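**Student:** Below: one structure in structure tokens.
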Amino acid sequence: MPLLASVLLLTSSFTVAASATALAQMTEVDLELVLAVDVSRSMDFEEQRIQREGYVAAFRHSEVVRAIASGEIGKIAVTYLEWAGSAHQTVVVPWTILASHEDAFAFADKLEGGETTRERGTSISNGLSFATQLFESSGGNGLRQTIDVSGDGANNMGAPIVPTRDTVVAQGITINGLPIMLRPSMAASIEPFGIADLDVYYEDCVIGGPGAFMITVKDRSQFQAAIRRKLVLEIAGLEPEPRVIPVAGLIKESRIDCMVGEKTRGRWFLPEEDR
């Protein structure tokens, strides 16, 4: 066998062996879950506090612990990411394997002690792209991979949301949503880049993949219950209600302009007489 062919075969064998070893070292889990949470400045400090407390309370709740235990494997891998503008994505709690009541409480403790920031801009697309890359270092070999994205506004910077969503979903990743609509009737007057129909925007432009769903929060008192319910459904691999899945190959027409955030932001920076 020629020397070059021998070297290539040996290199290939080492690569395959290394990949097999890396896979063997990964923990088998039911779900790899990225919690991608909006910390843009349209979220005031009180909303951010309630949102963070909602996730902390959820991982300390018996329903979430039972959902983890109910899986085929009884383990999940989870990480908590905060995102805002195009260049702001921060991992608050790194990947953690949860397999018990103690694991879930420890994750909640780390989250409770983590710092919270607020940054300009809303780039759901860049947040999704960053979240997708995190799966490479999850340490878990999951039966399912899910990004759970929350937010109170439309994508207004970074890559367009629809092609980004489609790229993520094409990798077998499900995107679920938690649109936060505490002030939908006054969205445009309070937050210049806000939209009233954020739930429609999330359903048509953001979520996608096998079993994708969203749960809307319209009152501050709903945060804890909504977050807990969403986590239980995601971890157990359930949907909140039956959904009609379009036939493969058919394109569903969006009920809303998925570039509404970018267009609104563009008009805002025009001279007042040109808006």
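In the structure tokens, chains take letters A, B, ... by order of appearance, with residues numbered from 1 within each chain and ligands from 1 in the order shown.
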Within 8 Å of Leu33 of chain A, counting only C-alpha atoms, which residues qualify if same-chain residues fewer than 6 places away don't, as a ChimeraX atom specification?

**Tutor:** /A:76-79,145-148

**Student:** Only N, CA, C and O atoms, please: the residues just picked out, written as a short mmCIF file (atom, residue, chain, number, x, y, z; two decimals), in the first residue's frame.

**Tutor:**
```cif
data_model
loop_
_atom_site.label_atom_id
_atom_site.label_comp_id
_atom_site.auth_asym_id
_atom_site.auth_seq_id
_atom_site.Cartn_x
_atom_site.Cartn_y
_atom_site.Cartn_z
N ILE A 76 -31.75 14.82 32.00
CA ILE A 76 -31.69 15.84 30.97
C ILE A 76 -30.41 16.64 31.13
O ILE A 76 -29.81 16.65 32.21
N ALA A 77 -29.99 17.31 30.05
CA ALA A 77 -28.89 18.27 30.10
C ALA A 77 -29.49 19.64 29.84
O ALA A 77 -30.26 19.81 28.89
N VAL A 78 -29.16 20.63 30.67
CA VAL A 78 -29.76 21.95 30.53
C VAL A 78 -28.74 23.04 30.77
O VAL A 78 -27.81 22.88 31.57
N THR A 79 -28.88 24.14 30.04
CA THR A 79 -28.06 25.32 30.25
C THR A 79 -28.93 26.56 30.13
O THR A 79 -29.97 26.53 29.45
N GLN A 145 -33.32 17.54 21.13
CA GLN A 145 -32.62 18.81 21.39
C GLN A 145 -33.63 19.94 21.22
O GLN A 145 -34.34 20.00 20.20
N THR A 146 -33.70 20.83 22.21
CA THR A 146 -34.69 21.90 22.20
C THR A 146 -34.07 23.22 22.64
O THR A 146 -33.27 23.25 23.58
N ILE A 147 -34.44 24.28 21.94
CA ILE A 147 -34.12 25.65 22.39
C ILE A 147 -35.43 26.28 22.82
O ILE A 147 -36.40 26.30 22.08
N ASP A 148 -35.46 26.77 24.04
CA ASP A 148 -36.64 27.40 24.61
C ASP A 148 -36.35 28.90 24.66
O ASP A 148 -35.56 29.35 25.49
#
```

**Student:** Point out the residue among A:Gly172, A:Gly177, A:Gly113, A:Pro163 with the least atom-to-atom distance to Ala212 of chain A, counting only C-alpha atoms.

**Tutor:** A:Gly177

**Student:** Can you pull out the residues contacting segment 29-31 of chain A? Cut-off 7 Å, using only C-alpha atoms, and skip same-chain residues under 4 positions away; I want them as a ChimeraX atom specification.

**Tutor:** /A:71-77,140-145,235

**Student:** Using only all heavy atoms, please write the residues we just selected to a file, as a short mmCIF file (atom, residue, chain, number, x, y, z; two decimals), in the first residue's frame.

**Tutor:**
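Contents of the output file part.cif:
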```
data_model
loop_
_atom_site.label_atom_id
_atom_site.label_comp_id
_atom_site.auth_asym_id
_atom_site.auth_seq_id
_atom_site.Cartn_x
_atom_site.Cartn_y
_atom_site.Cartn_z
N GLY A 71 -38.80 10.32 32.07
CA GLY A 71 -38.25 10.01 30.75
C GLY A 71 -37.71 8.60 30.66
O GLY A 71 -37.51 7.91 31.66
N GLU A 72 -37.47 8.17 29.44
CA GLU A 72 -36.93 6.83 29.19
C GLU A 72 -35.60 6.62 29.91
O GLU A 72 -35.31 5.54 30.43
CB GLU A 72 -36.76 6.64 27.68
CG GLU A 72 -36.22 5.29 27.26
CD GLU A 72 -36.10 5.18 25.75
OE1 GLU A 72 -36.80 5.90 25.03
OE2 GLU A 72 -35.27 4.36 25.29
N ILE A 73 -34.80 7.69 29.96
CA ILE A 73 -33.49 7.62 30.61
C ILE A 73 -33.53 8.23 32.01
O ILE A 73 -32.82 7.81 32.91
CB ILE A 73 -32.43 8.33 29.73
CG1 ILE A 73 -32.33 7.63 28.38
CG2 ILE A 73 -31.07 8.36 30.42
CD1 ILE A 73 -31.53 8.38 27.35
N GLY A 74 -34.39 9.23 32.19
CA GLY A 74 -34.51 9.86 33.50
C GLY A 74 -33.47 10.93 33.76
O GLY A 74 -33.20 11.27 34.92
N LYS A 75 -32.90 11.48 32.69
CA LYS A 75 -31.89 12.53 32.82
C LYS A 75 -32.08 13.55 31.70
O LYS A 75 -32.51 13.20 30.60
CB LYS A 75 -30.46 11.97 32.70
CG LYS A 75 -30.06 10.97 33.77
CD LYS A 75 -28.64 10.47 33.52
CE LYS A 75 -28.24 9.44 34.55
NZ LYS A 75 -26.86 8.93 34.31
N ILE A 76 -31.75 14.82 32.00
CA ILE A 76 -31.69 15.84 30.97
C ILE A 76 -30.41 16.64 31.13
O ILE A 76 -29.81 16.65 32.21
CB ILE A 76 -32.91 16.80 31.01
CG1 ILE A 76 -32.87 17.68 32.28
CG2 ILE A 76 -34.22 16.04 30.92
CD1 ILE A 76 -33.88 18.84 32.25
N ALA A 77 -29.99 17.31 30.05
CA ALA A 77 -28.89 18.27 30.10
C ALA A 77 -29.49 19.64 29.84
O ALA A 77 -30.26 19.81 28.89
CB ALA A 77 -27.82 17.94 29.06
N GLY A 140 -24.04 15.77 26.81
CA GLY A 140 -25.12 14.79 26.79
C GLY A 140 -25.43 14.35 25.38
O GLY A 140 -25.31 15.11 24.42
N ASN A 141 -25.81 13.09 25.24
CA ASN A 141 -26.25 12.56 23.96
C ASN A 141 -27.76 12.41 24.06
O ASN A 141 -28.27 11.42 24.61
CB ASN A 141 -25.57 11.22 23.68
CG ASN A 141 -25.97 10.64 22.33
OD1 ASN A 141 -26.37 11.36 21.43
ND2 ASN A 141 -25.87 9.33 22.21
N GLY A 142 -28.51 13.42 23.59
CA GLY A 142 -29.93 13.50 23.84
C GLY A 142 -30.80 12.85 22.78
O GLY A 142 -30.47 12.87 21.60
N LEU A 143 -31.91 12.28 23.22
CA LEU A 143 -32.91 11.79 22.28
C LEU A 143 -33.57 12.95 21.55
O LEU A 143 -34.04 12.80 20.43
CB LEU A 143 -33.99 10.99 23.04
CG LEU A 143 -33.49 9.76 23.81
CD1 LEU A 143 -34.66 9.10 24.55
CD2 LEU A 143 -32.83 8.77 22.88
N ARG A 144 -33.61 14.12 22.24
CA ARG A 144 -34.18 15.33 21.65
C ARG A 144 -33.29 16.52 22.00
O ARG A 144 -32.60 16.52 23.02
CB ARG A 144 -35.59 15.60 22.20
CG ARG A 144 -36.63 14.57 21.80
CD ARG A 144 -37.96 14.81 22.48
NE ARG A 144 -37.94 14.45 23.89
CZ ARG A 144 -38.16 15.27 24.90
NH1 ARG A 144 -38.41 16.56 24.67
NH2 ARG A 144 -38.14 14.84 26.14
N GLN A 145 -33.32 17.54 21.13
CA GLN A 145 -32.62 18.81 21.39
C GLN A 145 -33.63 19.94 21.22
O GLN A 145 -34.34 20.00 20.20
CB GLN A 145 -31.45 19.02 20.42
CG GLN A 145 -30.31 18.03 20.63
CD GLN A 145 -29.16 18.30 19.67
OE1 GLN A 145 -29.36 18.70 18.52
NE2 GLN A 145 -27.93 18.07 20.13
N ILE A 235 -39.76 18.79 28.87
CA ILE A 235 -38.98 17.68 29.42
C ILE A 235 -39.68 16.35 29.15
O ILE A 235 -39.05 15.35 28.81
CB ILE A 235 -38.76 17.89 30.93
CG1 ILE A 235 -37.84 19.11 31.15
CG2 ILE A 235 -38.14 16.65 31.57
CD1 ILE A 235 -37.77 19.58 32.59
#
```

**Student:** Just want the 8 Å neighbourhood of Thr164 of chain A, counted on only C-alpha atoms, with same-chain residues fewer than 5 positions away dropped. Output as a list of chain:residue names.

**Tutor:** A:Ser125, A:Leu128, A:Ser129, A:Ala159

**Student:** Running DSSP on the backbone, which parts of segment 15-107 of chain A land in strand (DSSP E), as a PyMOL selection string?

**Tutor:** chain A and resi 27-38+76-83+89-98

**Student:** Once DSSP has gone over the backbone, tell me which residues of segment 57-213 of chain A are in helix (DSSP H, G or I), as a PyMOL selection string.

**Tutor:** chain A and resi 57-59+62-69+101-113+124-137+161-170+184-190+198-206

**Student:** Which residue is closest to Thr174 of chain A? Choose from A:Gly209, A:Gly237, A:Pro160, A:Gly151 and count only C-alpha atoms.

**Tutor:**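 Closest residue, counting only C-alpha atoms: A:Gly209.
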
**Student:** Report as a list of chain:residue names all protein, DNA and RNA residues lying within 8 Å of Arg60 of chain A, evaluated on only C-alpha atoms, omitting residues in the same chain fewer than 3 positions from it.

**Tutor:**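 Once the nearby chain positions are removed, what remains is A:Val56, A:Ala57, A:Val64, A:Val65, A:His101, A:Ala104, A:Phe105, A:Ala108.
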
**Student:** Store the residues picked out above in a file with C-alpha atoms, as a PDB file, in the first residue's frame.

**Tutor:**
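again.pdb, freshly written:
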```
ATOM      1  CA  VAL A  56     -35.587  29.191  39.771  1.00  0.00           C
ATOM      2  CA  ALA A  57     -38.949  28.198  41.263  1.00  0.00           C
ATOM      3  CA  VAL A  64     -40.430  19.478  37.005  1.00  0.00           C
ATOM      4  CA  VAL A  65     -38.473  16.907  39.009  1.00  0.00           C
ATOM      5  CA  HIS A 101     -34.231  16.324  43.060  1.00  0.00           C
ATOM      6  CA  ALA A 104     -32.515  20.269  39.993  1.00  0.00           C
ATOM      7  CA  PHE A 105     -32.196  22.237  43.235  1.00  0.00           C
ATOM      8  CA  ALA A 108     -31.796  26.484  40.655  1.00  0.00           C
TER       9      ALA A 108
END
```

**Student:** Take atom CA of Val149 of chain A and atom CA of Glu82 of chain A and report the distance between them in Å, one decimal.

**Tutor:**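 These two atoms are separated by 9.6 Å.
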
**Student:** Please indicate the distance in Å from atom CA of Cys205 of chain A to atom CA of Glu234 of chain A, rounded to one decimal place.

**Tutor:**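 Interatomic distance, atom CA of Cys205 of chain A to atom CA of Glu234 of chain A: 19.7 Å.
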